[in-house]
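Shown here: run01.txt, compact mmCIF, C-alpha atoms.
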# COMPACT_ATOMS: atom_id res chain seq x y z
CA PRO A 373 114.23 106.28 73.77
CA GLU A 374 113.79 107.16 77.43
CA PRO A 375 110.26 106.49 78.77
CA PRO A 376 107.94 109.49 79.11
CA THR A 377 108.25 110.88 82.60
CA THR A 378 106.45 112.91 85.13
CA PRO A 379 108.58 115.52 86.92
CA TYR A 380 111.18 113.70 88.99
CA VAL A 381 110.23 113.20 92.62
CA PRO A 382 112.90 111.78 94.95
CA TRP A 383 112.01 108.31 96.18
CA ARG A 384 111.89 109.51 99.79
CA GLN A 385 109.38 112.25 98.96
CA HIS A 386 107.42 110.03 96.56
CA CYS A 387 106.82 107.55 99.36
CA GLY A 388 105.82 110.23 101.82
CA ALA A 389 108.67 109.51 104.24
CA THR A 390 109.26 112.16 106.85
CA SER A 391 112.23 110.92 108.84
CA SER A 392 115.36 113.06 108.72
CA THR A 393 117.59 110.11 109.54
CA PRO A 394 120.12 109.64 106.70
CA SER A 395 119.38 106.35 104.98
CA ALA A 396 123.11 105.80 104.49
CA ALA A 397 123.43 105.41 108.25
CA LEU A 398 121.27 102.31 108.19
CA VAL A 399 123.23 99.16 107.33
CA LEU A 400 121.05 96.48 105.78
CA MET A 401 122.03 92.96 104.79
CA ILE A 402 121.24 92.55 101.11
CA GLU A 403 120.94 89.16 99.43
CA SER A 404 121.41 89.04 95.67
CA ARG A 405 121.16 86.25 93.13
CA THR A 406 120.74 85.75 89.41
CA ILE A 407 117.62 83.97 88.14
CA GLY A 408 117.62 83.58 84.37
CA PRO A 409 118.12 87.07 82.87
CA VAL A 410 117.23 88.80 86.15
CA ARG A 411 119.36 90.03 89.02
CA LEU A 412 117.27 89.95 92.20
CA TYR A 413 118.09 91.93 95.36
CA VAL A 414 116.23 91.38 98.64
CA CYS A 415 116.68 92.78 102.15
CA ARG A 416 114.78 92.83 105.42
CA LEU A 417 113.35 96.20 106.47
CA GLY A 418 115.35 98.05 109.08
CA ASP A 419 114.15 98.88 112.58
CA THR A 420 112.82 102.45 112.35
CA ALA A 421 109.97 104.32 113.99
CA SER A 422 108.01 104.46 110.74
CA ARG A 423 107.28 101.53 108.47
CA ARG A 424 107.22 103.91 105.50
CA ASP A 425 110.69 105.16 106.38
CA ALA A 426 111.88 101.57 106.67
CA GLU A 427 110.51 100.79 103.19
CA VAL A 428 112.14 103.88 101.70
CA GLN A 429 115.51 103.19 103.29
CA ALA A 430 115.46 99.57 102.19
CA VAL A 431 114.66 100.43 98.58
CA GLU A 432 117.33 103.12 98.57
CA ALA A 433 119.86 100.56 99.80
CA LEU A 434 118.85 98.07 97.10
CA LEU A 435 119.14 100.72 94.38
CA ARG A 436 122.59 101.77 95.58
CA ARG A 437 123.71 98.16 95.60
CA ALA A 438 122.46 97.57 92.06
CA PHE A 439 123.28 100.90 90.39
CA GLY A 440 125.66 102.83 92.63
CA GLU A 441 125.33 105.97 94.72
CA ARG A 442 124.52 108.31 91.82
CA CYS A 443 121.50 106.48 90.41
CA VAL A 444 118.28 108.45 90.05
CA LEU A 445 114.96 106.67 90.43
CA SER A 446 112.00 108.10 88.54
CA HIS A 447 108.57 106.94 87.36
CA ASP A 448 106.80 107.03 84.02
CA SER A 449 103.35 108.51 83.48
CA GLU A 450 101.73 105.31 84.80
CA GLY A 451 103.89 105.17 87.91
CA ALA A 452 106.24 102.39 86.76
CA PRO A 453 109.78 102.85 88.15
CA PHE A 454 112.89 103.25 86.02
CA ILE A 455 116.46 104.43 86.42
CA ALA A 456 117.11 107.74 84.68
CA GLY A 457 119.60 107.36 81.84
CA SER A 458 119.38 103.55 81.80
CA ASP A 459 117.42 101.26 79.50
CA VAL A 460 117.27 98.31 81.92
CA SER A 461 113.89 97.21 83.26
CA ILE A 462 113.37 97.30 87.01
CA SER A 463 110.59 96.30 89.38
CA ILE A 464 110.27 97.15 93.08
CA SER A 465 108.19 95.59 95.83
CA HIS A 466 108.00 95.67 99.60
CA SER A 467 106.04 93.81 102.24
CA ARG A 468 105.72 94.36 105.98
CA THR A 469 109.13 92.75 106.49
CA HIS A 470 111.16 92.87 103.25
CA ALA A 471 111.95 94.89 100.13
CA ALA A 472 112.89 93.51 96.72
CA LEU A 473 114.40 94.91 93.52
CA ALA A 474 114.50 93.02 90.21
CA VAL A 475 116.74 94.20 87.36
CA CYS A 476 116.67 92.90 83.79
CA GLY A 477 118.56 94.20 80.80
CA ARG A 478 116.73 92.18 78.15
CA CYS A 479 112.98 92.32 78.81
CA PRO A 480 110.31 93.78 81.11
CA VAL A 481 110.42 92.30 84.61
CA GLY A 482 107.98 92.16 87.50
CA VAL A 483 108.54 91.21 91.14
CA ASP A 484 106.17 91.08 94.09
CA ILE A 485 106.62 90.03 97.70
CA GLU A 486 103.82 89.55 100.22
CA THR A 487 103.39 88.41 103.80
CA ARG A 488 100.59 86.09 104.85
CA ARG A 489 97.25 87.85 105.29
CA PRO A 490 93.91 86.30 106.26
CA GLN A 491 92.00 88.54 103.86
CA LEU A 492 93.53 86.81 100.82
CA ALA A 493 90.94 84.05 101.09
CA ARG A 494 88.18 86.66 101.04
CA VAL A 495 89.42 88.61 98.01
CA ALA A 496 90.67 85.61 96.02
CA PRO A 497 87.40 85.07 94.07
CA ARG A 498 87.66 88.63 92.78
CA VAL A 499 91.19 88.24 91.38
CA LEU A 500 91.45 84.54 90.48
CA SER A 501 89.50 82.64 87.84
CA PRO A 502 87.54 79.52 88.88
CA ALA A 503 90.29 77.32 87.42
CA GLU A 504 92.99 79.25 89.30
CA LEU A 505 91.00 79.07 92.53
CA GLU A 506 90.68 75.32 92.17
CA VAL A 507 94.41 74.79 91.62
CA TYR A 508 96.00 77.40 93.86
CA GLY A 509 93.33 77.22 96.55
CA ALA A 510 94.12 73.54 97.08
CA GLU A 511 97.80 74.20 97.86
CA PRO A 512 99.29 75.28 101.18
CA ASP A 513 99.98 79.02 100.71
CA GLY A 514 98.68 78.65 97.15
CA LEU A 515 96.57 81.80 97.33
CA LEU A 516 99.59 83.74 98.55
CA ARG A 517 101.66 82.47 95.63
CA ALA A 518 98.87 83.30 93.20
CA TRP A 519 98.58 86.83 94.53
CA THR A 520 102.30 87.57 94.16
CA LEU A 521 102.31 86.19 90.62
CA LYS A 522 99.28 88.27 89.60
CA GLU A 523 100.94 91.41 90.97
CA ALA A 524 104.30 90.63 89.35
CA LEU A 525 102.61 89.98 85.99
CA TYR A 526 100.67 93.23 86.23
CA LYS A 527 103.92 95.14 86.81
CA ALA A 528 105.78 93.45 83.97
CA ALA A 529 102.91 93.82 81.48
CA LEU A 530 102.79 97.62 81.80
CA THR A 531 99.09 97.49 80.92
CA PRO A 532 97.11 99.68 83.32
CA GLY A 533 93.50 98.66 83.85
CA VAL A 534 93.87 95.00 82.88
CA ASP A 535 91.35 92.82 84.71
CA PHE A 536 93.18 90.70 87.30
CA ARG A 537 90.62 87.89 87.21
CA SER A 538 90.22 87.36 83.49
CA GLY A 539 93.07 89.29 81.89
CA ILE A 540 95.98 87.84 83.87
CA VAL A 541 96.21 84.06 83.51
CA LEU A 542 98.47 82.11 85.87
CA PRO A 543 100.30 78.86 85.06
CA LEU A 544 97.93 75.88 85.14
CA GLY A 545 98.31 72.18 84.38
CA ASP A 546 101.48 71.27 82.55
CA LYS A 547 102.30 74.92 81.80
CA LYS A 548 104.22 75.30 85.04
CA ASN A 549 106.10 78.45 84.09
CA GLU A 550 103.88 80.03 81.44
CA ALA A 551 101.49 82.93 82.06
CA THR A 552 99.70 85.47 79.89
CA VAL A 553 98.33 88.99 80.21
CA ALA A 554 95.66 90.37 77.89
CA SER A 555 96.83 93.07 75.51
CA PRO A 556 94.72 96.19 74.84
CA ALA A 557 95.28 95.58 71.11
CA GLY A 558 93.87 92.04 71.34
CA GLY A 559 95.49 88.72 72.02
CA ALA A 560 97.80 88.20 74.97
CA MET A 561 101.41 88.79 75.94
CA CYS A 562 103.41 85.77 77.13
CA PHE A 563 105.45 85.66 80.31
CA GLU A 564 107.82 83.24 82.00
CA VAL A 565 107.59 82.63 85.73
CA LEU A 566 111.16 82.60 87.03
CA ALA A 567 110.32 82.19 90.71
CA SER A 568 107.27 81.47 92.84
CA GLU A 569 108.64 80.88 96.32
CA VAL A 570 107.17 80.57 99.80
CA SER A 571 109.09 80.88 103.08
CA GLU A 572 108.29 81.61 106.69
CA ASP A 573 108.41 85.32 105.82
CA GLY A 574 105.84 85.12 103.01
CA ALA A 575 105.99 84.67 99.23
CA LEU A 576 107.89 86.06 96.25
CA GLY A 577 106.85 86.04 92.60
CA LEU A 578 109.21 86.93 89.74
CA VAL A 579 108.31 87.05 86.03
CA VAL A 580 109.73 88.31 82.73
CA ARG A 581 108.00 89.03 79.46
CA ARG A 582 108.78 86.82 76.50
CA GLN A 583 108.87 88.02 72.91
CA SER A 584 106.08 85.64 71.93
CA PHE A 585 102.44 86.71 71.61
CA VAL A 586 99.20 84.72 71.66
CA PRO A 587 96.69 85.91 69.01
Can you dump the structure from the file as structure tokens?
Amino acid sequence: PEPPTTPYVPWRQHCGATSSTPSAALVLMIESRTIGPVRLYVCRLGDTASRRDAEVQAVEALLRRAFGERCVLSHDSEGAPFIAGSDVSISISHSRTHAALAVCGRCPVGVDIETRRPQLARVAPRVLSPAELEVYGAEPDGLLRAWTLKEALYKAALTPGVDFRSGIVLPLGDKKNEATVASPAGGAMCFEVLASEVSEDGALGLVVRRQSFVP
């Protein structure tokens, strides 16, 4: 069944963009690749007067590339994006420089991209457990990687209100690609980390939900 929806709001209006420049007139270079069951699309934001317009135009371009010109983006009652009439899972993210779209036909997916920000060190103790702080805080750009993974897991879990610090557990020790998110019904949902990458532009985290469940 199709997810419950709020009344459809076009992506441009939903984001509060005001530019009248047709997004089709902006040509963006889109990189795409397959990682496990996910097709990932990434592009750099275009040069427009408004950053919000640039984000909107980039996401529109990614959606057209993945689903064609006639696709309709909507959001469920919790704000999670989906394509009207399609049962694939999608996740959208944008930073100050890039936009990303992840598409998965088999399981819930989450993607997050972030640029480097000094305030991450300040907020890290509020979103990372002591064990996560010890591991990720000791790595170059580790806090940035941790932040993108927490955000991607939150998106894929579809569990509003989960506590980032205690309810979302990042890979630690020998569990390099395994993460969990607390379930409201008890126990935890299991996720696989498909990508946790750092470049000069920032970091990208990509996860998918597994069928397994931790009591």
Applying 8 Å and only C-alpha atoms, which residues near Leu417 in chain A remain after dropping the ones on its own chain fewer than 3 positions away? List them as a count of residues only.
9
For range 553-562 of chain A, find every residue with an atom within 12 Å (counting all atoms listed in the file), except residues of its own chain fewer than 6 positions away, and show them as a ChimeraX atom specification.
/A:479-480,521-543,547,579-587
Write out as a list in words the residues lying within 8 Å of Ser463 in chain A, counting all atoms listed in the file and excluding same-chain residues fewer than 2 positions away.
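Residues meeting the cut-off are Ala452, Pro453, Ser461, Ser465, Leu473, Ala474, Val475, Val481, Gly482, Val483, Lys527 and Ala528 of chain A.
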State, in Å with one decimal place, the distance from CA of Val499 in chain A to CA of Ile462 in chain A.
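Calculated distance between CA of Val499 in chain A and CA of Ile462 in chain A is 24.4 Å.
Take the candidates A:Leu492, A:Val507, A:Leu578, A:Cys476 and check each one against Pro409 in chain A using all atoms listed in the file; the shortest distance goes to A:Cys476.
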Give the answer as one residue: which of A:Val428, A:Ile485, A:Met401, A:Ile455 has the shortest atom-to-atom distance to Val570 in chain A, using all atoms listed in the file?
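The closest residue to Val570 in chain A is A:Ile485.
Relative to CA of Arg488 in chain A, CA of Gly408 in chain A is found at 26.8 Å.
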Have a look at CA of Phe454 in chain A and CA of Phe439 in chain A and let me know their distance in Å, one decimal.
11.5 Å
Which residues are near Thr487 in chain A? Cut-off 12 Å, only C-alpha atoms, ignore same chain within fewer than 3 positions. Put them as a list in words.
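Everything that qualifies: Ser465, His466, Ser467, Arg468, Thr469, His470, Ala471, Asp484, Pro490, Gln491, Leu492, Asp513, Leu515, Leu516, Arg517, Trp519, Thr520, Glu569, Val570, Ser571, Glu572, Asp573, Gly574, Ala575, Leu576 and Gly577 of chain A.
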Could you check the closest approach to Ala493 in chain A for each of A:Arg442, A:Gly477, A:Gly457, A:Gly514 and tell me which residue wins, using all atoms listed in the file?
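Nearest to Ala493 in chain A: A:Gly514.
The smallest atom-to-atom distance between Ala567 in chain A and any of A:Glu504, A:Asp546, A:Ala518, A:Ala433, using only C-alpha atoms, is found for A:Ala518.
The closest residue to Arg478 in chain A, picked from A:Val460, A:Leu544, A:Cys443, A:Val495 and counting all atoms listed in the file, is A:Val460.
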